[in-house]
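Asks: To be precise about what I am sending: the file is called run.cif and holds mmCIF, C-alpha atoms.
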data_data
#
loop_
_atom_site.label_atom_id
_atom_site.label_comp_id
_atom_site.auth_asym_id
_atom_site.auth_seq_id
_atom_site.Cartn_x
_atom_site.Cartn_y
_atom_site.Cartn_z
CA MET A 1 9.31 -24.93 -10.03
CA ILE A 2 12.07 -24.30 -7.47
CA LEU A 3 11.85 -21.01 -5.59
CA ALA A 4 13.48 -19.22 -2.69
CA CYS A 5 11.00 -17.81 -0.17
CA LYS A 6 11.18 -14.01 -0.07
CA HIS A 7 10.66 -14.01 3.72
CA CYS A 8 12.90 -16.82 4.99
CA ASP A 9 15.17 -17.55 1.95
CA LYS A 10 14.54 -21.31 2.09
CA ILE A 11 14.77 -23.23 -1.19
CA ILE A 12 11.45 -24.95 -1.90
CA ASN A 13 10.38 -27.24 -4.73
CA VAL A 14 6.82 -26.10 -5.36
CA GLY A 15 5.94 -28.68 -8.00
CA HIS A 16 2.60 -28.54 -9.81
CA ILE A 17 -0.07 -26.14 -8.54
CA ALA A 18 -3.63 -27.07 -9.49
CA LYS A 19 -6.38 -24.55 -10.17
CA GLN A 20 -7.69 -22.67 -7.13
CA GLN A 21 -4.65 -23.71 -5.08
CA ARG A 22 -1.78 -21.81 -3.56
CA ALA A 23 1.66 -22.78 -2.28
CA ILE A 24 2.59 -21.81 1.29
CA CYS A 25 6.13 -21.81 2.65
CA PRO A 26 6.37 -24.66 5.21
CA TYR A 27 8.94 -22.72 7.26
CA CYS A 28 7.57 -19.18 7.67
CA GLY A 29 4.00 -19.53 6.38
CA SER A 30 4.17 -16.86 3.67
CA GLN A 31 2.48 -17.38 0.31
CA LEU A 32 4.78 -18.47 -2.53
CA LEU A 33 2.46 -18.97 -5.51
CA SER A 34 -1.21 -19.07 -6.34
CA CYS A 35 -3.11 -20.46 -9.28
CA ARG A 36 -6.68 -19.65 -10.25
CA SER A 37 -8.77 -20.90 -13.10
CA ASN A 38 -8.88 -18.57 -16.13
CA GLN A 39 -6.50 -16.21 -14.32
CA GLN A 40 -5.51 -14.26 -17.43
CA GLN A 41 -9.11 -13.67 -18.45
CA TRP A 42 -10.00 -12.49 -14.93
CA LEU A 43 -7.01 -10.13 -14.89
CA ASN A 44 -8.11 -8.57 -18.17
CA ALA A 45 -11.73 -8.34 -17.04
CA PHE A 46 -10.97 -6.68 -13.69
CA SER A 47 -8.44 -4.31 -15.30
CA VAL A 48 -10.96 -3.07 -17.85
CA ALA A 49 -13.77 -2.91 -15.26
CA SER A 50 -11.54 -0.94 -12.86
CA LEU A 51 -10.70 1.59 -15.57
CA LEU A 52 -14.34 2.00 -16.61
CA PHE A 53 -15.60 2.53 -13.05
CA LEU A 54 -12.65 4.80 -12.23
CA PHE A 55 -13.25 7.20 -15.12
CA SER A 56 -17.02 7.13 -14.56
CA SER A 57 -16.45 8.28 -10.96
CA LEU A 58 -14.35 11.37 -11.76
CA TYR A 59 -16.85 13.79 -13.29
CA PRO A 60 -20.37 12.94 -11.99
CA SER A 61 -21.38 14.31 -8.60
CA PHE A 62 -19.44 12.54 -5.86
CA ILE A 63 -21.08 14.08 -2.82
CA SER A 64 -23.36 17.05 -2.14
CA PHE A 65 -24.32 18.73 1.11
CA SER A 66 -26.45 21.67 2.19
CA GLN A 67 -26.61 23.95 5.21
CA HIS A 68 -28.73 27.03 5.93
CA GLY A 69 -30.14 27.03 2.42
CA LEU A 70 -26.72 26.80 0.76
CA LYS A 71 -25.94 23.70 -1.28
CA GLN A 72 -22.66 22.47 -2.75
CA GLN A 73 -22.15 19.63 -5.19
CA ILE A 74 -18.68 18.51 -6.19
CA SER A 75 -17.00 15.78 -8.23
CA LEU A 76 -13.67 14.09 -7.56
CA TRP A 77 -11.97 15.99 -10.36
CA ASP A 78 -13.32 19.34 -9.12
CA ALA A 79 -12.02 18.45 -5.65
CA VAL A 80 -8.50 17.85 -7.02
CA VAL A 81 -8.49 21.16 -8.91
CA LEU A 82 -9.82 23.09 -5.90
CA LEU A 83 -7.27 21.53 -3.57
CA GLY A 84 -4.36 22.31 -5.87
CA GLU A 85 -5.37 25.88 -6.75
CA THR A 86 -6.53 27.03 -3.33
CA TYR A 87 -4.54 25.19 -0.68
CA SER A 88 -1.74 22.63 -1.02
CA SER A 89 -0.15 21.27 -4.19
CA MET A 90 1.40 18.48 -2.11
CA LEU A 91 -1.98 17.28 -0.81
CA ALA A 92 -3.41 17.63 -4.32
CA PHE A 93 -0.66 15.37 -5.67
CA VAL A 94 -1.31 12.76 -2.96
CA PHE A 95 -5.00 12.95 -3.84
CA ILE A 96 -4.62 12.58 -7.62
CA PHE A 97 -1.93 9.89 -7.26
CA THR A 98 -4.26 7.85 -5.05
CA ILE A 99 -7.49 8.15 -7.01
CA LEU A 100 -6.13 8.26 -10.57
CA LEU A 101 -2.43 7.87 -11.39
CA MET A 102 -1.64 4.73 -9.38
CA PRO A 103 -4.74 2.71 -10.45
CA LEU A 104 -4.32 3.85 -14.06
CA ALA A 105 -0.67 2.74 -14.10
CA VAL A 106 -1.41 -0.67 -12.56
CA CYS A 107 -4.33 -1.45 -14.87
CA SER A 108 -2.38 -0.38 -17.95
CA LEU A 109 0.69 -2.44 -17.03
CA VAL A 110 -1.46 -5.49 -16.21
CA LEU A 111 -3.17 -5.27 -19.60
CA ILE A 112 0.27 -5.19 -21.25
CA THR A 113 1.45 -8.27 -19.34
CA GLN A 114 -1.68 -10.18 -20.33
CA SER A 115 -1.40 -9.32 -24.02
CA ALA A 116 0.65 -11.01 -26.74
CA LEU A 117 3.09 -8.09 -26.52
CA TRP A 118 4.43 -9.34 -23.15
CA THR A 119 6.22 -12.39 -24.58
CA ARG A 120 7.72 -10.30 -27.38
CA LEU A 121 9.19 -7.58 -25.15
CA ASN A 122 12.94 -7.43 -24.75
CA THR A 123 14.35 -8.09 -21.30
CA HIS A 124 14.97 -4.44 -20.47
CA ASN A 125 11.36 -3.38 -21.06
CA ALA A 126 9.94 -6.45 -19.29
CA ARG A 127 12.16 -5.71 -16.28
CA TRP A 128 10.97 -2.09 -16.23
CA ILE A 129 7.31 -3.14 -16.28
CA SER A 130 7.79 -5.79 -13.57
CA LYS A 131 9.73 -3.41 -11.32
CA SER A 132 7.11 -0.72 -11.79
CA LEU A 133 4.34 -3.12 -10.75
CA SER A 134 6.27 -4.30 -7.68
CA TYR A 135 6.89 -0.70 -6.57
CA ILE A 136 3.41 0.66 -7.30
CA MET A 137 1.17 -2.12 -5.97
CA PRO A 138 2.08 -1.64 -2.27
CA LEU A 139 1.06 2.02 -2.67
CA ASN A 140 -2.58 1.08 -3.27
CA LEU A 141 -4.59 3.45 -1.09
CA ALA A 142 -7.94 3.22 -2.89
CA ASP A 143 -9.56 1.22 -0.09
CA ILE A 144 -8.14 3.62 2.52
CA PHE A 145 -9.59 6.55 0.59
CA LEU A 146 -13.03 4.91 0.50
CA VAL A 147 -12.99 4.38 4.28
CA ALA A 148 -11.88 8.00 4.70
CA VAL A 149 -14.86 9.14 2.61
CA LEU A 150 -17.22 7.29 4.96
CA VAL A 151 -15.48 8.76 8.02
CA SER A 152 -15.75 12.25 6.48
CA ALA A 153 -19.44 11.68 5.81
CA PHE A 154 -19.99 10.89 9.50
CA LYS A 155 -18.18 14.11 10.44
CA LEU A 156 -20.17 16.22 7.99
CA MET A 157 -23.50 14.83 9.19
CA ALA A 158 -23.09 16.93 12.34
CA TYR A 159 -23.04 20.13 10.23
CA ALA A 160 -25.08 19.52 7.09
CA GLU A 161 -27.37 17.24 5.11
CA LEU A 162 -25.47 14.86 2.82
CA GLU A 163 -26.29 13.13 -0.43
CA LEU A 164 -24.05 10.62 -2.22
CA GLY A 165 -23.94 10.95 -5.99
CA TYR A 166 -23.30 8.60 -8.90
CA GLY A 167 -19.57 9.33 -8.71
CA PHE A 168 -19.40 7.87 -5.21
CA TRP A 169 -21.12 4.60 -6.15
CA SER A 170 -18.94 4.25 -9.25
CA TYR A 171 -15.89 4.66 -7.04
CA VAL A 172 -17.15 1.96 -4.67
CA LEU A 173 -17.42 -0.46 -7.59
CA PHE A 174 -13.96 0.58 -8.77
CA VAL A 175 -12.43 -0.19 -5.34
CA PHE A 176 -13.94 -3.69 -5.26
CA CYS A 177 -12.72 -4.48 -8.80
CA PHE A 178 -9.28 -2.99 -8.21
CA ILE A 179 -8.63 -4.85 -4.95
CA GLU A 180 -9.62 -8.12 -6.63
CA LEU A 181 -7.26 -7.29 -9.50
CA LEU A 182 -4.35 -6.82 -7.10
CA THR A 183 -4.99 -10.18 -5.46
CA LEU A 184 -4.84 -11.89 -8.86
CA ILE A 185 -1.44 -10.51 -9.90
CA ASP A 186 1.34 -13.10 -9.57
CA GLU A 187 4.77 -11.79 -10.57
CA ASN A 188 6.26 -15.30 -10.79
CA GLU A 189 3.59 -16.32 -13.28
CA LEU A 190 4.22 -13.17 -15.33
CA TRP A 191 7.91 -13.92 -15.63
CA GLN A 192 7.38 -17.59 -16.41
CA ARG A 193 5.32 -16.53 -19.42
CA GLN A 194 7.79 -13.85 -20.43
CA GLN A 195 10.87 -16.04 -20.05
CA PRO A 196 11.19 -19.42 -18.25
CA GLN A 197 13.30 -19.55 -15.12
CA PHE A 198 16.91 -20.77 -15.26
CA GLU A 199 17.40 -23.33 -12.51
CA PRO A 200 20.88 -23.67 -10.98
CA LYS A 201 22.31 -27.18 -11.10
CA THR A 202 23.11 -27.62 -7.41
CA LEU A 203 20.13 -27.01 -5.17
CA HIS A 204 19.35 -28.41 -1.72
CA CYS A 205 15.72 -27.89 -0.80
CA GLY A 206 15.07 -26.93 2.80
CA LYS A 207 18.29 -24.95 3.07
CA SER A 208 18.64 -21.24 2.52
CA ALA A 209 19.69 -19.85 -0.84
CA LYS A 210 22.44 -17.80 0.83
CA SER A 211 24.05 -20.91 2.32
CA GLN A 212 24.33 -22.25 -1.25
CA ALA A 213 25.86 -18.97 -2.50
CA LEU A 214 22.66 -18.12 -4.36
CA LYS A 215 20.96 -14.74 -4.56
CA GLN A 216 17.30 -14.18 -5.38
CA CYS A 217 16.54 -11.48 -7.94
CA ASN A 218 14.18 -8.89 -6.43
CA VAL A 219 12.57 -8.30 -9.83
CA CYS A 220 11.85 -11.73 -11.32
CA GLY A 221 12.71 -14.17 -8.49
CA GLN A 222 15.51 -15.88 -10.44
CA LEU A 223 18.13 -17.70 -8.33
CA THR A 224 21.70 -16.98 -9.34
CA SER A 225 25.25 -16.69 -8.01
CA ASP A 226 26.09 -13.89 -10.45
CA THR A 227 26.13 -10.17 -9.69
CA HIS A 228 23.38 -9.64 -12.27
CA CYS A 229 20.29 -11.75 -12.90
CA PRO A 230 20.67 -13.97 -16.01
CA ARG A 231 16.97 -13.62 -16.78
CA CYS A 232 16.21 -9.89 -16.39
CA TYR A 233 19.76 -8.51 -15.87
CA ALA A 234 18.88 -6.68 -12.66
CA LYS A 235 21.60 -6.31 -10.03
CA THR A 236 21.39 -8.99 -7.34
CA HIS A 237 22.21 -9.01 -3.63
CA PHE A 238 22.20 -11.70 -0.93
CA ARG A 239 20.29 -9.27 1.28
CA LYS A 240 19.05 -5.71 0.94
CA PRO A 241 22.10 -3.45 1.38
CA GLN A 242 22.27 -1.94 4.90
CA ALA A 243 18.71 -3.08 5.56
CA ASN A 244 18.73 -2.67 9.35
CA ALA A 245 20.45 0.72 9.29
CA ARG A 246 18.04 2.10 6.68
CA ALA A 247 14.97 0.73 8.47
CA LEU A 248 16.18 2.26 11.77
CA ALA A 249 16.93 5.63 10.14
CA TRP A 250 13.49 5.86 8.52
CA MET A 251 11.70 4.89 11.74
CA VAL A 252 13.67 7.36 13.90
CA THR A 253 12.78 10.08 11.38
CA ALA A 254 9.13 9.05 11.63
CA LEU A 255 9.22 9.24 15.44
CA VAL A 256 10.70 12.76 15.30
CA LEU A 257 7.95 13.84 12.88
CA MET A 258 5.31 12.22 15.10
CA ILE A 259 5.73 15.01 17.69
CA PRO A 260 4.67 17.97 15.50
CA ALA A 261 2.17 15.74 13.67
CA ASN A 262 0.26 15.20 16.93
CA LEU A 263 0.78 18.61 18.55
CA LEU A 264 0.10 20.93 15.61
CA PRO A 265 -3.45 21.42 14.21
CA ILE A 266 -4.29 19.40 11.09
CA MET A 267 -7.35 21.41 10.02
CA ASN A 268 -9.46 24.46 10.82
CA THR A 269 -13.26 24.34 10.61
CA VAL A 270 -14.92 27.72 9.99
CA ASN A 271 -18.60 27.43 11.01
CA LEU A 272 -20.62 30.67 10.86
CA GLY A 273 -17.42 32.71 11.20
CA GLN A 274 -16.11 30.73 14.20
CA ASN A 275 -12.69 29.09 13.80
CA THR A 276 -12.13 25.66 15.37
CA PHE A 277 -8.57 24.35 15.09
CA ALA A 278 -8.29 20.59 15.55
CA THR A 279 -5.35 18.32 16.23
CA ILE A 280 -5.62 14.58 15.63
CA PHE A 281 -6.43 13.87 19.27
CA SER A 282 -8.90 16.75 19.71
CA GLY A 283 -10.74 15.60 16.59
CA ILE A 284 -11.11 12.15 18.13
CA VAL A 285 -12.43 13.68 21.38
CA ILE A 286 -15.03 15.72 19.46
CA LEU A 287 -16.22 12.64 17.57
CA TRP A 288 -16.52 10.71 20.84
CA GLN A 289 -18.47 13.51 22.53
CA ASP A 290 -20.80 13.71 19.51
CA GLY A 291 -21.61 10.02 19.92
CA SER A 292 -19.74 8.83 16.80
CA TYR A 293 -18.02 6.07 18.77
CA PRO A 294 -17.15 3.69 15.87
CA VAL A 295 -15.59 6.52 13.82
CA ALA A 296 -13.68 7.83 16.85
CA ILE A 297 -12.31 4.36 17.54
CA ILE A 298 -11.25 3.89 13.89
CA ILE A 299 -9.41 7.24 13.80
CA PHE A 300 -7.81 6.63 17.21
CA ALA A 301 -6.59 3.18 16.17
CA ALA A 302 -5.36 4.23 12.70
CA SER A 303 -3.80 7.60 13.55
CA ILE A 304 -2.44 7.16 17.07
CA CYS A 305 -2.23 3.48 18.02
CA ILE A 306 -0.98 2.02 14.74
CA PRO A 307 2.00 4.42 14.26
CA ILE A 308 3.19 3.72 17.82
CA ILE A 309 2.67 -0.05 17.48
CA LYS A 310 4.49 -0.05 14.14
CA ALA A 311 7.48 1.73 15.66
CA LEU A 312 7.64 -0.69 18.59
CA ALA A 313 7.20 -3.68 16.27
CA LEU A 314 10.04 -2.60 13.98
CA PHE A 315 12.40 -2.04 16.92
CA TYR A 316 11.46 -5.54 18.11
CA LEU A 317 12.29 -6.96 14.67
CA LEU A 318 15.66 -5.22 14.66
CA ILE A 319 16.45 -6.70 18.08
CA GLU A 320 15.19 -10.11 16.94
CA THR A 321 17.72 -10.14 14.07
CA GLN A 322 20.44 -10.29 16.73
CA ARG A 323 19.01 -12.81 19.19
CA CYS A 324 16.76 -15.02 17.01
CA LYS A 325 14.53 -16.42 19.77
CA LYS A 326 11.12 -16.30 18.06
CA VAL A 327 11.84 -16.16 14.34
CA GLU A 328 8.50 -17.51 13.06
CA GLN A 329 6.52 -15.06 15.19
CA ALA A 330 8.78 -12.21 14.06
CA SER A 331 8.26 -13.16 10.42
CA LYS A 332 4.47 -13.10 10.90
CA LEU A 333 4.80 -9.71 12.60
CA TYR A 334 6.66 -8.35 9.59
CA ARG A 335 3.92 -9.51 7.21
CA TRP A 336 1.38 -7.79 9.46
CA LEU A 337 3.43 -4.57 9.29
CA GLU A 338 3.47 -4.78 5.50
CA TRP A 339 -0.31 -5.04 5.40
CA MET A 340 -1.03 -2.51 8.15
CA GLY A 341 1.37 0.23 7.04
CA LYS A 342 -0.96 2.26 4.86
CA TRP A 343 -3.97 2.45 7.21
CA SER A 344 -2.52 5.42 9.08
CA MET A 345 -3.25 7.47 5.95
CA ILE A 346 -6.96 7.58 6.86
CA ASP A 347 -6.61 10.90 8.71
CA VAL A 348 -4.68 12.44 5.81
CA PHE A 349 -7.46 11.54 3.38
CA VAL A 350 -10.16 12.72 5.78
CA VAL A 351 -8.58 16.17 5.81
CA ILE A 352 -8.11 16.14 2.02
CA ILE A 353 -11.74 15.16 1.47
CA LEU A 354 -13.14 17.71 3.92
CA VAL A 355 -10.99 20.52 2.51
CA SER A 356 -11.96 19.62 -1.05
CA LEU A 357 -15.67 19.20 -0.45
CA VAL A 358 -16.58 21.70 2.27
CA GLN A 359 -16.36 25.25 0.86
CA LEU A 360 -19.39 27.37 1.81
CA GLY A 361 -17.59 30.60 2.71
CA THR A 362 -18.06 31.76 6.31
CA VAL A 363 -21.04 29.43 6.69
CA LEU A 364 -18.96 26.26 6.64
CA THR A 365 -15.38 25.88 5.39
CA VAL A 366 -12.56 23.46 6.20
CA GLU A 367 -8.94 24.55 5.79
CA PRO A 368 -5.81 22.34 6.02
CA GLN A 369 -3.13 23.16 8.59
CA ILE A 370 0.60 22.38 8.79
CA GLY A 371 0.07 19.38 11.10
CA ILE A 372 -1.39 17.25 8.31
CA VAL A 373 1.81 17.69 6.25
CA PHE A 374 3.95 16.42 9.14
CA PHE A 375 1.56 13.52 9.66
CA ALA A 376 1.59 12.50 5.97
CA VAL A 377 5.40 12.57 5.83
CA MET A 378 5.55 10.59 9.09
CA VAL A 379 3.34 7.85 7.67
CA LEU A 380 5.42 7.68 4.47
CA CYS A 381 8.63 7.39 6.54
CA GLN A 382 7.14 4.48 8.47
CA MET A 383 6.15 2.75 5.23
CA MET A 384 9.71 3.23 3.90
CA SER A 385 11.10 1.83 7.14
CA VAL A 386 9.11 -1.40 6.81
CA HIS A 387 9.99 -1.64 3.11
CA SER A 388 13.72 -1.20 3.88
CA PHE A 389 13.78 -4.07 6.39
CA ASP A 390 14.81 -7.49 5.07
CA PRO A 391 12.91 -10.32 6.88
CA ARG A 392 15.41 -12.91 5.64
CA ILE A 393 17.94 -11.54 8.13
CA LEU A 394 15.73 -12.93 10.89
CA TRP A 395 16.45 -16.45 9.63
CA ASP A 396 20.17 -16.01 8.92
CA ARG A 397 21.24 -16.46 12.54
CA LEU A 398 18.83 -19.31 13.19
CA ASN A 399 21.01 -21.83 11.32
CA PRO A 400 24.39 -20.08 10.91
CA HIS A 401 26.21 -23.31 10.04
CA GLU A 402 23.66 -24.51 7.52
#
Represent the structure of the file as structure tokens.

Replies:
Amino acid sequence: MILACKHCDKIINVGHIAKQQRAICPYCGSQLLSCRSNQQQWLNAFSVASLLFLFSSLYPSFISFSQHGLKQQISLWDAVVLLGETYSSMLAFVFIFTILLMPLAVCSLVLITQSALWTRLNTHNARWISKSLSYIMPLNLADIFLVAVLVSAFKLMAYAELELGYGFWSYVLFVFCFIELLTLIDENELWQRQQPQFEPKTLHCGKSAKSQALKQCNVCGQLTSDTHCPRCYAKTHFRKPQANARALAWMVTALVLMIPANLLPIMNTVNLGQNTFATIFSGIVILWQDGSYPVAIIIFAASICIPIIKALALFYLLIETQRCKKVEQASKLYRWLEWMGKWSMIDVFVVIILVSLVQLGTVLTVEPQIGIVFFAVMVLCQMMSVHSFDPRILWDRLNPHE
């Protein structure tokens, strides 16, 4: 199979991939293909297991806590309803999208692609399914939510006695199955089964696709010189339109939102009638003073350090597209940004979890504040900024006369 690397645009003849092997781009080091034994069976198994554990975690008790003789027990579904009816519909949507809608959509679409129906679908429907998977998979926040639950538990231990229910352990099993499912999905393999790739006649391996007037389809990976992909009929481009300008605009917006996100309070803790408003930084200080050093370090790294580092890294990538001095290192940095982008959502989920679970009237209640909305939008803008950037531009100036 002949492919164009999605990160450096080099044409590579992959050849035959044996079981338990993967193909790595020799130029930028990104993964091209992977092949595992009984891959289709494993995809079906992990999809079904993820759905079973997910639904079994919604209604049983997720977590319970008690203070001063008062005890509260709540499930994930009750938490969603409480959040939506009492506080913020936006936070409730983020919550339900993370724990239910996104995993349900991915598992359902994977089961369709692994069934006999996939090869019988017309091109339009197959393109819709493939595009949906490519857009939804990067939004996986299930593992971030699980870490946020553990961080919230550490915070609550200072106020009350905690007990983890069957819903929590079912969700842990769901996260493990779902993450493994995502690692097994190979979009190239899906399209090869749906419709074999059309290979252009003139190809020079080791050179970029753009230098040979070829564009790579963002949906199915097909190489073509046409304006529309001959395999899935999606519109094709040599590079993402206005990639640098869009990435810069999203990141500047995120930096503007970072100011109110860090200055305004993100939650208010009402303990025995006393209000304690907390910003992101003050919450970290409280955790550190209470002796919860690992949790304080995690929140500090995810909520303060990572957004700043991501902004600096993206500006560096934008500069690197003009000077092209360390292209390989810049390409690795971009892949790190792709992986790291979602971890800043930990603080958002911590607030959502605390608000949903802690409702004991004046004895102990947690309320969301406007700062968490600014912070959530800031994180989403940073994720859009990284997604808008096209890493292939880094390599375009390296060999301009190729």

Asks: Might you pull out every residue within 9 Å of Val147 (chain A), with only C-alpha atoms counted and same-chain residues fewer than 4 positions away left off, and present them as a ChimeraX atom specification?

Replies: /A:142-143,151-152,346,350

Asks: What would the selection look like, as a list in words, if the PyMOL selection byres ((chain A and resi 53-67) around 7) were run on the coordinates I just shared?

Replies: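 Applying the expression gives Ala49, Ser50, Leu51, Leu52, His68, Gly69, Leu70, Lys71, Gln72, Gln73, Ile74, Ser75, Leu76, Trp77, Ala160, Glu161, Leu162, Glu163, Leu164, Gly165, Tyr166, Gly167, Phe168, Ser170, Tyr171, Leu173 and Phe174 of chain A.
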
Asks: Could you work out how far CA of Ile393 (chain A) lies from CA of Cys324 (chain A), giving the answer in Å with one decimal?

Replies: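 One can read the CA of Cys324 (chain A) to CA of Ile393 (chain A) distance as 9.6 Å.
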
Asks: For the provided coordinates, the residues matched by the PyMOL selection byres ((chain A and resi 186-201) around 8) should be stated as a list in words.

Replies: Ile2, Leu33, Ser34, Thr113, Trp118, Thr119, Arg120, Leu121, Ala126, Ser130, Leu184, Ile185, Thr202, Leu203, Cys220, Gly221, Gln222, Leu223, Thr224, Pro230 and Arg231 of chain A

Asks: Hey, what comes out of the PyMOL selection byres ((chain A and resi 268) around 12) on this file? Could you write it as a count of residues only?

Replies: 30

Asks: If you measure from CA of Ala4 (chain A) to CA of Arg397 (chain A), what distance in Å do you get, rounded to one decimal?

Replies: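 Separation of CA of Ala4 (chain A) and CA of Arg397 (chain A): 17.3 Å.
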
Asks: Scan for residues within 12 Å of the point (-7.1, 18.6, -7.6) in the coordinates of the file, using all atoms listed in the file, and reply as a ChimeraX atom specification.

Replies: /A:58,74-100,352-353,355-357

Asks: Give me, as JSON, numbers by chain, all polymer residues having an atom no more than 9 Å from Leu255 (chain A), counting all atoms listed in the file and skipping those fewer than 3 positions away in the same chain.

Replies: {"A": [250, 251, 252, 258, 259, 307, 308, 311, 378, 382]}

Asks: With 6 Å added on each side, what axis-aligned box encloses every listed atom of region 56-65 of chain A? Give the centre and edge lengths in Å to one decimal, as JSON.

Replies:
{"center_x": -19.3, "center_y": 12.9, "center_z": -6.7, "size_x": 22.0, "size_y": 23.6, "size_z": 27.7}

Asks: Distance CA of Trp42 (chain A)-CA of Trp343 (chain A), one decimal place?

Replies: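 Separating CA of Trp42 (chain A) from CA of Trp343 (chain A) is a distance of 27.4 Å.
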
Asks: Considering all atoms listed in the file, state which residue in the set A:Cys107, A:His228, A:Lys10, A:Met1 is at the smallest distance from Ala209 (chain A).

Replies: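 Ranking A:Cys107, A:His228, A:Lys10, A:Met1 by distance to Ala209 (chain A), first place goes to A:Lys10.
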
Asks: Which residues are close to Trp288 (chain A), i.e. within 12 Å by only C-alpha atoms, leaving aside same-chain residues fewer than 6 positions away? Reply as a ChimeraX atom specification.

Replies: /A:154-155,281-282,294-300

Asks: Which residue is closest to His237 (chain A)? Choose from A:Trp339, A:Ser134, A:Ala213, A:Asp396 and count all atoms listed in the file.

Replies: A:Ala213

Asks: May I ask which of the residues A:Arg392, A:Thr253, A:Ala330, A:Leu3 is the closest one to Val379 (chain A), counting all atoms listed in the file?

Replies: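 Checking each of A:Arg392, A:Thr253, A:Ala330, A:Leu3 against Val379 (chain A), counting all atoms listed in the file, the winner is A:Thr253.
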
Asks: Some atoms are absent from region 202-207 of chain A, so rebuild all heavy atoms and return them as a PDB file, in the frame of the given file.

Replies:
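Done, and the output landed in out04.pdb:
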ATOM      1  N   THR A 202      23.003 -27.099  -8.774  1.00  0.00           N
ATOM      2  CA  THR A 202      23.110 -27.620  -7.410  1.00  0.00           C
ATOM      3  C   THR A 202      22.152 -26.889  -6.487  1.00  0.00           C
ATOM      4  O   THR A 202      22.349 -25.718  -6.177  1.00  0.00           O
ATOM      5  CB  THR A 202      24.552 -27.472  -6.883  1.00  0.00           C
ATOM      6  OG1 THR A 202      25.446 -28.091  -7.800  1.00  0.00           O
ATOM      7  CG2 THR A 202      24.686 -28.115  -5.511  1.00  0.00           C
ATOM      8  N   LEU A 203      21.109 -27.593  -6.076  1.00  0.00           N
ATOM      9  CA  LEU A 203      20.130 -27.010  -5.170  1.00  0.00           C
ATOM     10  C   LEU A 203      19.777 -28.017  -4.079  1.00  0.00           C
ATOM     11  O   LEU A 203      19.521 -29.192  -4.377  1.00  0.00           O
ATOM     12  CB  LEU A 203      18.860 -26.602  -5.913  1.00  0.00           C
ATOM     13  CG  LEU A 203      18.937 -25.360  -6.815  1.00  0.00           C
ATOM     14  CD1 LEU A 203      17.641 -25.192  -7.588  1.00  0.00           C
ATOM     15  CD2 LEU A 203      19.235 -24.118  -6.014  1.00  0.00           C
ATOM     16  N   HIS A 204      19.747 -27.562  -2.849  1.00  0.00           N
ATOM     17  CA  HIS A 204      19.350 -28.410  -1.720  1.00  0.00           C
ATOM     18  C   HIS A 204      18.120 -27.797  -1.091  1.00  0.00           C
ATOM     19  O   HIS A 204      18.199 -26.763  -0.415  1.00  0.00           O
ATOM     20  CB  HIS A 204      20.489 -28.519  -0.709  1.00  0.00           C
ATOM     21  CG  HIS A 204      21.726 -29.145  -1.256  1.00  0.00           C
ATOM     22  ND1 HIS A 204      21.841 -30.505  -1.494  1.00  0.00           N
ATOM     23  CD2 HIS A 204      22.911 -28.599  -1.648  1.00  0.00           C
ATOM     24  CE1 HIS A 204      23.041 -30.774  -1.982  1.00  0.00           C
ATOM     25  NE2 HIS A 204      23.709 -29.629  -2.091  1.00  0.00           N
ATOM     26  N   CYS A 205      16.979 -28.413  -1.336  1.00  0.00           N
ATOM     27  CA  CYS A 205      15.720 -27.890  -0.800  1.00  0.00           C
ATOM     28  C   CYS A 205      15.720 -27.976   0.720  1.00  0.00           C
ATOM     29  O   CYS A 205      16.238 -28.923   1.312  1.00  0.00           O
ATOM     30  CB  CYS A 205      14.540 -28.661  -1.380  1.00  0.00           C
ATOM     31  SG  CYS A 205      14.336 -28.437  -3.162  1.00  0.00           S
ATOM     32  N   GLY A 206      15.117 -26.995   1.346  1.00  0.00           N
ATOM     33  CA  GLY A 206      15.070 -26.930   2.800  1.00  0.00           C
ATOM     34  C   GLY A 206      16.177 -26.105   3.402  1.00  0.00           C
ATOM     35  O   GLY A 206      16.116 -25.745   4.583  1.00  0.00           O
ATOM     36  N   LYS A 207      17.208 -25.817   2.616  1.00  0.00           N
ATOM     37  CA  LYS A 207      18.290 -24.950   3.070  1.00  0.00           C
ATOM     38  C   LYS A 207      18.130 -23.573   2.437  1.00  0.00           C
ATOM     39  O   LYS A 207      17.461 -23.422   1.422  1.00  0.00           O
ATOM     40  CB  LYS A 207      19.649 -25.552   2.717  1.00  0.00           C
ATOM     41  CG  LYS A 207      19.959 -26.853   3.450  1.00  0.00           C
ATOM     42  CD  LYS A 207      21.377 -27.318   3.151  1.00  0.00           C
ATOM     43  CE  LYS A 207      21.720 -28.567   3.946  1.00  0.00           C
ATOM     44  NZ  LYS A 207      23.112 -29.013   3.695  1.00  0.00           N
TER      45      LYS A 207
END
